[in-house]
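Colleague: What follows is upload10.pdb; its format and atoms are PDB, C-alpha atoms.
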```pdb
ATOM      1  CA  ARG A  15      -3.357  84.705  57.928
ATOM      2  CA  GLY A  16       0.271  85.713  57.539
ATOM      3  CA  VAL A  17       3.247  83.374  57.607
ATOM      4  CA  ALA A  18       3.910  84.234  61.280
ATOM      5  CA  GLU A  19       0.476  82.905  62.197
ATOM      6  CA  GLY A  20       1.093  79.715  60.291
ATOM      7  CA  GLY A  21      -0.793  80.752  57.136
ATOM      8  CA  LEU A  22       0.329  80.481  53.530
ATOM      9  CA  ASN A  23       1.512  83.706  51.872
ATOM     10  CA  PRO A  24      -0.162  84.630  48.558
ATOM     11  CA  HIS A  25       2.933  83.865  46.531
ATOM     12  CA  GLY A  26       3.175  80.451  48.138
ATOM     13  CA  ALA A  27      -0.483  79.736  47.405
ATOM     14  CA  GLU A  28      -0.034  80.778  43.783
ATOM     15  CA  GLU A  29       2.970  78.487  43.460
ATOM     16  CA  VAL A  30       1.020  75.556  44.905
ATOM     17  CA  MET A  31      -1.837  76.200  42.436
ATOM     18  CA  ALA A  32       0.593  76.569  39.522
ATOM     19  CA  ARG A  33       2.311  73.329  40.453
ATOM     20  CA  GLY A  34      -1.040  71.578  40.765
ATOM     21  CA  LEU A  35      -2.109  72.907  37.360
ATOM     22  CA  ARG A  36       1.112  71.719  35.724
ATOM     23  CA  THR A  37       0.599  68.288  37.230
ATOM     24  CA  ALA A  38      -3.005  68.146  36.020
ATOM     25  CA  LEU A  39      -2.083  69.256  32.489
ATOM     26  CA  LEU A  40       0.761  66.761  32.254
ATOM     27  CA  HIS A  41      -1.444  63.883  33.369
ATOM     28  CA  CYS A  42      -4.231  64.911  30.983
ATOM     29  CA  LEU A  43      -1.723  64.997  28.135
ATOM     30  CA  ALA A  44      -0.253  61.657  29.232
ATOM     31  CA  GLN A  45      -3.702  60.068  29.262
ATOM     32  CA  ALA A  46      -4.497  61.428  25.791
ATOM     33  CA  VAL A  47      -1.201  60.034  24.468
ATOM     34  CA  LEU A  48      -1.852  56.737  26.271
ATOM     35  CA  TYR A  49      -5.323  56.403  24.725
ATOM     36  CA  VAL A  50      -4.031  57.032  21.202
ATOM     37  CA  GLY A  51      -0.740  55.200  21.719
ATOM     38  CA  ALA A  52      -2.580  52.056  22.776
ATOM     39  CA  LEU A  53      -4.051  51.854  19.272
ATOM     40  CA  TYR A  54      -0.539  51.841  17.812
ATOM     41  CA  ALA A  55       0.423  49.047  20.185
ATOM     42  CA  ILE A  56      -1.842  46.773  18.145
ATOM     43  CA  PRO A  57       0.320  44.315  16.167
ATOM     44  CA  GLN A  58       1.308  45.592  12.735
ATOM     45  CA  ARG A  59      -0.319  42.584  11.101
ATOM     46  CA  VAL A  60      -3.667  43.571  12.574
ATOM     47  CA  ARG A  61      -3.247  47.296  11.865
ATOM     48  CA  ALA A  62      -2.648  46.404   8.217
ATOM     49  CA  LEU A  63      -6.147  44.937   8.034
ATOM     50  CA  GLN A  64      -9.135  46.969   6.876
ATOM     51  CA  ARG A  65     -10.515  49.261   9.583
ATOM     52  CA  ASN A  66     -13.804  47.339   9.631
ATOM     53  CA  ASP A  67     -12.214  43.902   9.751
ATOM     54  CA  VAL A  68     -13.571  42.026  12.777
ATOM     55  CA  GLU A  69     -10.127  41.167  14.187
ATOM     56  CA  HIS A  70      -9.018  44.778  13.817
ATOM     57  CA  ILE A  71     -12.109  46.004  15.656
ATOM     58  CA  GLN A  72     -11.650  43.443  18.438
ATOM     59  CA  TRP A  73      -8.059  44.510  19.021
ATOM     60  CA  ARG A  74      -9.072  48.164  18.963
ATOM     61  CA  LEU A  75     -11.804  47.634  21.553
ATOM     62  CA  ALA A  76      -9.439  45.690  23.796
ATOM     63  CA  MET A  77      -6.732  48.367  23.660
ATOM     64  CA  CYS A  78      -9.261  51.134  24.347
ATOM     65  CA  GLY A  79     -10.307  49.180  27.425
ATOM     66  CA  VAL A  80      -6.712  48.759  28.620
ATOM     67  CA  ALA A  81      -5.897  52.439  28.087
ATOM     68  CA  SER A  82      -9.066  53.512  29.910
ATOM     69  CA  ALA A  83      -8.292  51.257  32.893
ATOM     70  CA  LEU A  84      -4.749  52.637  33.155
ATOM     71  CA  ALA A  85      -6.087  56.196  32.936
ATOM     72  CA  VAL A  86      -8.474  55.486  35.832
ATOM     73  CA  VAL A  87      -5.592  54.201  37.966
ATOM     74  CA  ASP A  88      -3.507  57.270  37.085
ATOM     75  CA  THR A  89      -6.294  59.710  37.943
ATOM     76  CA  VAL A  90      -7.095  58.110  41.294
ATOM     77  CA  ALA A  91      -3.395  58.164  42.177
ATOM     78  CA  VAL A  92      -3.023  61.861  41.300
ATOM     79  CA  LEU A  93      -6.172  63.299  42.877
ATOM     80  CA  ASP A  94      -5.810  64.458  46.477
ATOM     81  CA  ASP A  95      -9.587  64.316  46.882
ATOM     82  CA  THR A  96     -11.623  61.880  44.784
ATOM     83  CA  SER A  97     -15.042  63.188  45.876
ATOM     84  CA  ALA A  98     -15.583  65.125  42.612
ATOM     85  CA  LEU A  99     -14.576  62.078  40.582
ATOM     86  CA  GLU A 100     -16.925  59.863  42.577
ATOM     87  CA  GLY A 101     -19.721  62.398  42.193
ATOM     88  CA  PHE A 102     -19.455  62.451  38.408
ATOM     89  CA  PHE A 103     -19.671  58.637  38.293
ATOM     90  CA  ALA A 104     -22.373  58.237  40.956
ATOM     91  CA  SER A 105     -25.599  56.542  39.933
ATOM     92  CA  THR A 106     -27.632  59.229  41.692
ATOM     93  CA  GLY A 107     -28.892  61.659  39.102
ATOM     94  CA  ALA A 108     -27.523  59.584  36.208
ATOM     95  CA  LEU A 109     -30.931  59.068  34.603
ATOM     96  CA  SER A 110     -31.745  62.765  34.795
ATOM     97  CA  SER A 111     -28.348  63.609  33.284
ATOM     98  CA  VAL A 112     -28.872  61.195  30.399
ATOM     99  CA  ALA A 113     -32.398  62.485  29.727
ATOM    100  CA  LYS A 114     -31.353  66.141  29.730
ATOM    101  CA  SER A 115     -28.309  65.455  27.545
ATOM    102  CA  LEU A 116     -30.296  63.434  25.010
ATOM    103  CA  LEU A 117     -32.924  66.187  24.882
ATOM    104  CA  PHE A 118     -30.129  68.689  24.262
ATOM    105  CA  ILE A 119     -28.780  66.714  21.302
ATOM    106  CA  LEU A 120     -32.241  66.085  19.854
ATOM    107  CA  VAL A 121     -33.032  69.800  19.978
ATOM    108  CA  LEU A 122     -29.586  70.718  18.640
ATOM    109  CA  PHE A 123     -30.092  68.390  15.673
ATOM    110  CA  VAL A 124     -33.612  69.528  14.803
ATOM    111  CA  GLY A 125     -32.305  71.111  11.573
ATOM    112  CA  PRO A 126     -30.235  68.123  10.373
ATOM    113  CA  THR A 127     -33.094  65.794  11.363
ATOM    114  CA  ALA A 128     -35.529  67.823   9.258
ATOM    115  CA  VAL A 129     -33.180  67.573   6.252
ATOM    116  CA  ALA A 130     -32.673  63.814   6.718
ATOM    117  CA  GLY A 131     -36.398  63.248   7.231
ATOM    118  CA  PHE A 132     -37.294  65.179   4.104
ATOM    119  CA  LEU A 133     -34.811  63.193   2.020
ATOM    120  CA  ALA A 134     -36.032  59.890   3.461
ATOM    121  CA  PHE A 135     -39.640  60.813   2.668
ATOM    122  CA  ALA A 136     -38.645  61.946  -0.826
ATOM    123  CA  ARG A 137     -36.819  58.673  -1.498
ATOM    124  CA  GLY A 138     -39.829  56.675  -0.383
ATOM    125  CA  ALA A 139     -42.263  58.810  -2.382
ATOM    126  CA  GLU A 140     -40.117  58.597  -5.514
ATOM    127  CA  THR A 141     -39.942  54.805  -5.227
ATOM    128  CA  LEU A 142     -43.713  54.600  -4.738
ATOM    129  CA  ALA A 143     -44.299  56.877  -7.724
ATOM    130  CA  HIS A 144     -42.340  54.504  -9.942
ATOM    131  CA  GLY A 145     -44.806  51.739  -9.054
ATOM    132  CA  ARG A 146     -42.428  49.666  -6.939
ATOM    133  CA  GLY A 147     -44.883  49.157  -4.100
ATOM    134  CA  ALA A 148     -45.211  50.397  -0.530
ATOM    135  CA  ALA A 149     -42.713  47.865   0.864
ATOM    136  CA  ARG A 150     -40.012  49.026  -1.544
ATOM    137  CA  ALA A 151     -40.895  52.641  -0.773
ATOM    138  CA  LEU A 152     -40.453  52.065   2.957
ATOM    139  CA  ASP A 153     -37.179  50.269   2.291
ATOM    140  CA  ALA A 154     -35.922  53.221   0.238
ATOM    141  CA  ALA A 155     -36.788  55.600   3.054
ATOM    142  CA  VAL A 156     -35.053  53.691   5.862
ATOM    143  CA  LEU A 157     -32.147  52.132   3.938
ATOM    144  CA  PRO A 158     -29.603  54.909   4.647
ATOM    145  CA  ALA A 159     -30.210  54.683   8.401
ATOM    146  CA  ARG A 160     -29.934  50.890   8.305
ATOM    147  CA  MET A 161     -26.694  51.115   6.319
ATOM    148  CA  ALA A 162     -25.267  53.575   8.821
ATOM    149  CA  LEU A 163     -25.622  50.956  11.560
ATOM    150  CA  GLN A 164     -23.505  48.487   9.562
ATOM    151  CA  THR A 165     -22.309  45.296  11.290
ATOM    152  CA  PRO A 166     -22.705  44.424  14.999
ATOM    153  CA  TRP A 167     -18.956  44.796  15.572
ATOM    154  CA  GLN A 168     -18.949  48.209  13.921
ATOM    155  CA  LEU A 169     -21.945  49.182  16.040
ATOM    156  CA  LEU A 170     -20.140  48.070  19.182
ATOM    157  CA  ARG A 171     -17.122  50.175  18.230
ATOM    158  CA  ASN A 172     -18.922  53.269  16.948
ATOM    159  CA  ILE A 173     -21.810  53.719  19.338
ATOM    160  CA  VAL A 174     -20.806  51.841  22.478
ATOM    161  CA  VAL A 175     -17.117  51.339  23.267
ATOM    162  CA  GLY A 176     -15.787  54.362  21.370
ATOM    163  CA  PRO A 177     -18.096  56.991  22.919
ATOM    164  CA  VAL A 178     -18.072  55.443  26.407
ATOM    165  CA  THR A 179     -14.286  55.110  26.725
ATOM    166  CA  GLU A 180     -13.639  58.508  25.157
ATOM    167  CA  GLU A 181     -16.018  60.217  27.583
ATOM    168  CA  LEU A 182     -14.583  58.192  30.454
ATOM    169  CA  VAL A 183     -11.047  59.392  29.756
ATOM    170  CA  PHE A 184     -11.424  62.791  28.102
ATOM    171  CA  ARG A 185     -14.226  64.117  30.319
ATOM    172  CA  GLY A 186     -14.844  61.782  33.244
ATOM    173  CA  LEU A 187     -11.196  61.665  34.349
ATOM    174  CA  MET A 188      -9.721  64.863  32.955
ATOM    175  CA  VAL A 189     -12.391  67.245  34.257
ATOM    176  CA  PRO A 190     -11.747  66.323  37.942
ATOM    177  CA  LEU A 191      -8.000  66.589  37.289
ATOM    178  CA  LEU A 192      -8.416  70.140  35.987
ATOM    179  CA  LEU A 193     -10.880  71.154  38.705
ATOM    180  CA  GLN A 194      -8.463  70.135  41.488
ATOM    181  CA  PRO A 195      -5.985  73.033  41.008
ATOM    182  CA  GLY A 196      -8.843  75.535  41.071
ATOM    183  CA  LEU A 197      -9.786  76.097  37.425
ATOM    184  CA  SER A 198     -13.251  77.514  36.878
ATOM    185  CA  HIS A 199     -15.923  75.600  34.989
ATOM    186  CA  ALA A 200     -15.503  77.952  32.024
ATOM    187  CA  GLN A 201     -11.749  77.311  31.934
ATOM    188  CA  VAL A 202     -12.284  73.548  32.130
ATOM    189  CA  ILE A 203     -14.913  73.641  29.360
ATOM    190  CA  ALA A 204     -12.505  75.572  27.122
ATOM    191  CA  GLY A 205      -9.394  73.596  28.062
ATOM    192  CA  VAL A 206     -10.374  69.935  28.330
ATOM    193  CA  PRO A 207     -11.452  69.643  24.650
ATOM    194  CA  LEU A 208      -7.905  70.554  23.590
ATOM    195  CA  PHE A 209      -6.729  67.121  24.712
ATOM    196  CA  PHE A 210      -9.617  65.521  22.824
ATOM    197  CA  GLY A 211      -8.615  67.458  19.718
ATOM    198  CA  VAL A 212      -4.941  66.557  20.083
ATOM    199  CA  ALA A 213      -5.927  62.887  20.335
ATOM    200  CA  HIS A 214      -7.291  63.100  16.782
ATOM    201  CA  VAL A 215      -4.221  64.739  15.218
ATOM    202  CA  HIS A 216      -2.644  61.332  14.666
ATOM    203  CA  HIS A 217      -5.093  60.860  11.789
ATOM    204  CA  VAL A 218      -2.712  62.997   9.719
ATOM    205  CA  TYR A 219      -0.269  60.088   9.725
ATOM    206  CA  GLY A 220      -2.956  57.659   8.602
ATOM    207  CA  MET A 221      -4.097  59.947   5.779
ATOM    208  CA  VAL A 222      -0.551  60.492   4.524
ATOM    209  CA  GLN A 223       0.052  56.741   4.632
ATOM    210  CA  ALA A 224      -3.104  56.338   2.526
ATOM    211  CA  GLY A 225      -1.671  58.636  -0.157
ATOM    212  CA  VAL A 226      -3.223  61.974   0.832
ATOM    213  CA  SER A 227      -0.875  64.936   0.456
ATOM    214  CA  VAL A 228       0.586  66.450   3.624
ATOM    215  CA  GLY A 229      -1.169  69.756   2.953
ATOM    216  CA  GLU A 230      -4.583  68.165   2.502
ATOM    217  CA  ALA A 231      -4.045  65.932   5.526
ATOM    218  CA  CYS A 232      -3.110  68.912   7.705
ATOM    219  CA  THR A 233      -6.125  70.893   6.472
ATOM    220  CA  ALA A 234      -8.406  67.971   7.277
ATOM    221  CA  ALA A 235      -6.764  67.665  10.708
ATOM    222  CA  VAL A 236      -7.387  71.354  11.469
ATOM    223  CA  VAL A 237     -11.057  70.997  10.519
ATOM    224  CA  GLN A 238     -11.362  67.831  12.594
ATOM    225  CA  PHE A 239      -9.618  69.521  15.527
ATOM    226  CA  ALA A 240     -12.149  72.363  15.361
ATOM    227  CA  TYR A 241     -15.246  70.194  15.493
ATOM    228  CA  THR A 242     -13.771  67.770  18.045
ATOM    229  CA  TRP A 243     -12.951  70.774  20.248
ATOM    230  CA  LEU A 244     -16.516  72.046  19.838
ATOM    231  CA  PHE A 245     -18.037  68.684  20.696
ATOM    232  CA  GLY A 246     -15.621  68.296  23.618
ATOM    233  CA  ALA A 247     -16.747  71.665  24.982
ATOM    234  CA  ILE A 248     -20.397  70.616  24.638
ATOM    235  CA  ALA A 249     -19.765  67.281  26.376
ATOM    236  CA  ALA A 250     -17.843  68.958  29.212
ATOM    237  CA  THR A 251     -20.670  71.477  29.630
ATOM    238  CA  LEU A 252     -23.249  68.700  29.829
ATOM    239  CA  MET A 253     -21.143  66.845  32.368
ATOM    240  CA  LEU A 254     -20.622  69.889  34.577
ATOM    241  CA  ARG A 255     -24.206  71.166  34.284
ATOM    242  CA  THR A 256     -25.714  67.765  35.122
ATOM    243  CA  ASN A 257     -22.914  66.721  37.492
ATOM    244  CA  SER A 258     -22.663  63.335  35.793
ATOM    245  CA  VAL A 259     -20.469  61.783  33.107
ATOM    246  CA  TYR A 260     -23.302  59.550  31.928
ATOM    247  CA  GLY A 261     -25.075  62.389  30.160
ATOM    248  CA  ALA A 262     -21.930  63.176  28.182
ATOM    249  CA  MET A 263     -21.628  59.508  27.246
ATOM    250  CA  ALA A 264     -25.247  59.396  26.069
ATOM    251  CA  ALA A 265     -24.789  62.596  24.053
ATOM    252  CA  HIS A 266     -21.671  61.156  22.396
ATOM    253  CA  VAL A 267     -23.519  57.971  21.452
ATOM    254  CA  LEU A 268     -26.388  59.921  19.878
ATOM    255  CA  CYS A 269     -24.003  62.247  18.019
ATOM    256  CA  ASN A 270     -22.186  59.243  16.569
ATOM    257  CA  ILE A 271     -25.534  57.905  15.344
ATOM    258  CA  PHE A 272     -26.503  61.238  13.785
ATOM    259  CA  GLY A 273     -23.067  62.064  12.358
ATOM    260  CA  LEU A 274     -21.973  65.571  11.405
ATOM    261  CA  PRO A 275     -24.736  67.940  10.222
ATOM    262  CA  ASP A 276     -24.987  67.844   6.429
ATOM    263  CA  LEU A 277     -25.103  71.376   4.983
ATOM    264  CA  SER A 278     -24.889  70.213   1.384
ATOM    265  CA  PHE A 279     -28.410  71.538   0.800
ATOM    266  CA  PHE A 280     -26.604  74.853   0.160
ATOM    267  CA  SER A 281     -24.925  73.323  -2.901
ATOM    268  CA  ALA A 282     -26.371  74.524  -6.216
ATOM    269  CA  GLU A 283     -24.535  71.652  -7.925
ATOM    270  CA  GLN A 284     -26.228  69.048  -5.730
ATOM    271  CA  ALA A 285     -29.603  70.679  -6.426
ATOM    272  CA  GLN A 286     -29.294  69.406 -10.006
ATOM    273  CA  TRP A 287     -29.059  65.763  -8.929
ATOM    274  CA  SER A 288     -32.751  65.206  -8.192
ATOM    275  CA  PRO A 289     -36.016  67.062  -7.524
ATOM    276  CA  ALA A 290     -35.638  66.321  -3.807
ATOM    277  CA  PHE A 291     -32.265  68.081  -3.613
ATOM    278  CA  ALA A 292     -33.658  70.928  -5.723
ATOM    279  CA  ARG A 293     -36.492  71.446  -3.224
ATOM    280  CA  LEU A 294     -34.019  71.422  -0.354
ATOM    281  CA  TYR A 295     -31.883  74.005  -2.129
ATOM    282  CA  SER A 296     -34.893  76.254  -2.690
ATOM    283  CA  ARG A 297     -35.546  76.164   1.066
ATOM    284  CA  ARG A 298     -31.909  76.506   2.101
ATOM    285  CA  TRP A 299     -32.291  79.715   4.118
ATOM    286  CA  ALA A 300     -35.291  78.377   6.030
ATOM    287  CA  LEU A 301     -33.355  75.176   6.773
ATOM    288  CA  LEU A 302     -30.324  77.168   7.922
ATOM    289  CA  ALA A 303     -32.604  79.185  10.211
ATOM    290  CA  LEU A 304     -33.961  75.926  11.612
ATOM    291  CA  HIS A 305     -30.387  74.813  12.354
ATOM    292  CA  ALA A 306     -29.789  78.101  14.200
ATOM    293  CA  VAL A 307     -33.042  77.812  16.159
ATOM    294  CA  GLY A 308     -32.046  74.299  17.208
ATOM    295  CA  ALA A 309     -28.657  75.520  18.477
ATOM    296  CA  VAL A 310     -30.200  78.372  20.484
ATOM    297  CA  ALA A 311     -32.960  76.167  21.917
ATOM    298  CA  ALA A 312     -30.415  73.487  22.865
ATOM    299  CA  ALA A 313     -28.347  76.083  24.721
ATOM    300  CA  TRP A 314     -31.485  77.062  26.641
ATOM    301  CA  VAL A 315     -32.118  73.404  27.521
ATOM    302  CA  VAL A 316     -28.693  72.916  29.087
ATOM    303  CA  TRP A 317     -28.386  76.305  30.755
TER     304      TRP A 317
END
```
Kindly return the structure encoded in the file as structure tokens.
Modeller:
Amino acid sequence: RGVAEGGLNPHGAEEVMARGLRTALLHCLAQAVLYVGALYAIPQRVRALQRNDVEHIQWRLAMCGVASALAVVDTVAVLDDTSALEGFFASTGALSSVAKSLLFILVLFVGPTAVAGFLAFARGAETLAHGRGAARALDAAVLPARMALQTPWQLLRNIVVGPVTEELVFRGLMVPLLLQPGLSHAQVIAGVPLFFGVAHVHHVYGMVQAGVSVGEACTAAVVQFAYTWLFGAIAATLMLRTNSVYGAMAAHVLCNIFGLPDLSFFSAEQAQWSPAFARLYSRRWALLALHAVGAVAAAWVVW
């Protein structure tokens, strides 16, 4: 309808959408800064402690909780319609979302899992061959995984509170904010990870404080930004495809357990370290193909 009939002219509609988009972007940026800034609100005495010190972890978990709660309040206050937000956090369909997202990650990591499994078997076999007994062989095979779990407080930080609060803020709250002004799913999937990436840029400061050169710190930050953007896009896709934030949370937890894919089997230098690494190196192209097959199959699972 035209203005005379009480309708909104196209230019007026575009201005309303542009204003809504600016508001959404500003609040997403504010929430990202809030989440990171809360960690710097920890007393200097505590921040000076080792990252894995129990008191440091406890403060970090508490501040992540405070920042997440404030972000929830901000999002609810900004949204004109909270139905999308409520839908993403509804219990209906949560189990299906988690199952599909976990299947996606398991398929995606079929290549890295094959590499890790081969190395674990090789460690166990080598120990057994040296006459150290089956118990020692089993210990050698599972030790790296057990070490990765570390202490209960580190577990709580790395595979519970960290992934859950990050998905809550950077996907669960920001995706509805960006959908409100009319962005498409593709635009949200491409855009929302930028805030997740920006939230990791502060690591440059920590690296420089630790003695790393500015150039090396910036290079590391660019690499980290790239893979955090990629994971953020994957998590946003899972959330939108399953219509639930819980799948994204589950995927984040499993990714933190797996860690980044290790492509060091392409290293000729590492191949000289042991027969196991040499065998991996000799099969490097087959392993790379397995990584690619996992990525394609995972895309099929989610789409």
Colleague: Sorted by chain and rising residue number, list the residues of range 76-124 of chain A at most 12 Å from range 253-270 of chain A (counting only C-alpha atoms), each with its closest atom pair and distance in Å to one decimal, as JSON lines.
Modeller:
```
{"residue": "A:Ala98", "atom": "CA", "partner": "A:Asn257", "partner_atom": "CA", "distance": 9.1}
{"residue": "A:Leu99", "atom": "CA", "partner": "A:Ser258", "partner_atom": "CA", "distance": 9.5}
{"residue": "A:Glu100", "atom": "CA", "partner": "A:Ser258", "partner_atom": "CA", "distance": 9.5}
{"residue": "A:Gly101", "atom": "CA", "partner": "A:Ser258", "partner_atom": "CA", "distance": 7.1}
{"residue": "A:Phe102", "atom": "CA", "partner": "A:Ser258", "partner_atom": "CA", "distance": 4.2}
{"residue": "A:Phe103", "atom": "CA", "partner": "A:Ser258", "partner_atom": "CA", "distance": 6.1}
{"residue": "A:Ala104", "atom": "CA", "partner": "A:Ser258", "partner_atom": "CA", "distance": 7.3}
{"residue": "A:Ser105", "atom": "CA", "partner": "A:Ser258", "partner_atom": "CA", "distance": 8.5}
{"residue": "A:Thr106", "atom": "CA", "partner": "A:Ser258", "partner_atom": "CA", "distance": 8.7}
{"residue": "A:Gly107", "atom": "CA", "partner": "A:Ser258", "partner_atom": "CA", "distance": 7.2}
{"residue": "A:Ala108", "atom": "CA", "partner": "A:Tyr260", "partner_atom": "CA", "distance": 6.0}
{"residue": "A:Leu109", "atom": "CA", "partner": "A:Gly261", "partner_atom": "CA", "distance": 8.1}
{"residue": "A:Ser110", "atom": "CA", "partner": "A:Thr256", "partner_atom": "CA", "distance": 7.8}
{"residue": "A:Ser111", "atom": "CA", "partner": "A:Gly261", "partner_atom": "CA", "distance": 4.7}
{"residue": "A:Val112", "atom": "CA", "partner": "A:Gly261", "partner_atom": "CA", "distance": 4.0}
{"residue": "A:Ala113", "atom": "CA", "partner": "A:Gly261", "partner_atom": "CA", "distance": 7.3}
{"residue": "A:Lys114", "atom": "CA", "partner": "A:Gly261", "partner_atom": "CA", "distance": 7.3}
{"residue": "A:Ser115", "atom": "CA", "partner": "A:Gly261", "partner_atom": "CA", "distance": 5.2}
{"residue": "A:Leu116", "atom": "CA", "partner": "A:Ala265", "partner_atom": "CA", "distance": 5.7}
{"residue": "A:Leu117", "atom": "CA", "partner": "A:Ala265", "partner_atom": "CA", "distance": 8.9}
{"residue": "A:Phe118", "atom": "CA", "partner": "A:Ala265", "partner_atom": "CA", "distance": 8.1}
{"residue": "A:Ile119", "atom": "CA", "partner": "A:Ala265", "partner_atom": "CA", "distance": 6.4}
{"residue": "A:Leu120", "atom": "CA", "partner": "A:Leu268", "partner_atom": "CA", "distance": 8.5}
{"residue": "A:Val121", "atom": "CA", "partner": "A:Ala265", "partner_atom": "CA", "distance": 11.7}
{"residue": "A:Leu122", "atom": "CA", "partner": "A:Cys269", "partner_atom": "CA", "distance": 10.2}
{"residue": "A:Phe123", "atom": "CA", "partner": "A:Cys269", "partner_atom": "CA", "distance": 9.0}
```
Colleague: Could you state which residues are captured by the PyMOL selection byres ((chain A and resi 80-94) around 8) in this file, as a PyMOL selection string?
Modeller: chain A and resi 41+45+48-49+52+76-79+95-96+179+182-183+187-188+191+194
Colleague: Can you spell out as a PyMOL selection string the set of residues that the PyMOL selection byres ((chain A and resi 74) around 12) selects in the structure I just provided?
Modeller: chain A and resi 49-57+60-61+63+65-73+75-81+167-168+170-172+175-176+179
Colleague: I'd like the contact shell of Pro126 in chain A - 9 Å cut-off, all atoms listed in the file, skipping same-chain residues fewer than 3 positions apart - returned as a list in words.
Modeller: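 Those residues are Leu122, Phe123, Val129, Ala130, Gly131, Phe272, Leu274, Pro275, Asp276, Leu277, Leu301, Leu304 and His305 of chain A.
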Colleague: As a check of understanding, name the residues that the PyMOL selection byres ((chain A and resi 38-40) around 8) selects in the supplied structure, as a list in words.
Modeller: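 So the PyMOL selection byres ((chain A and resi 38-40) around 8) ends up selecting Gly34, Leu35, Arg36, Thr37, His41, Cys42, Leu43, Ala44, Leu191, Leu192, Gln194 and Pro195 of chain A.
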Colleague: Tell me, in Å to one decimal, how far CA of Thr251 in chain A is from CA of Trp317 in chain A.
Modeller: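 It comes out at 9.2 Å.
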Colleague: From the set A:Gly125, A:Pro177, A:Gly246, A:Gly273, which residue has the shortest atom-to-atom contact distance to Ala204 in chain A, counting all atoms listed in the file?
Modeller: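 Answer, going by the shortest atom-to-atom distance: A:Gly246.
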Colleague: Between A:Ile248, A:Thr127, A:Phe239, A:Gln164, single out the one closest to Gly308 in chain A, counting all atoms listed in the file.
Modeller: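 Closest residue, counting all atoms listed in the file: A:Thr127.
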Colleague: When you draw a straight line from CA of Val316 in chain A to CA of Val202 in chain A, how long is it in Å?
Modeller: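 Computed distance, CA of Val316 in chain A to CA of Val202 in chain A, equals 16.7 Å.
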Colleague: For Ala231 in chain A, which residue out of A:Ala200, A:Leu244, A:Met31, A:Val215 is the nearest one, using all atoms listed in the file?
Modeller: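 Result for the nearest residue to Ala231 in chain A: A:Val215.
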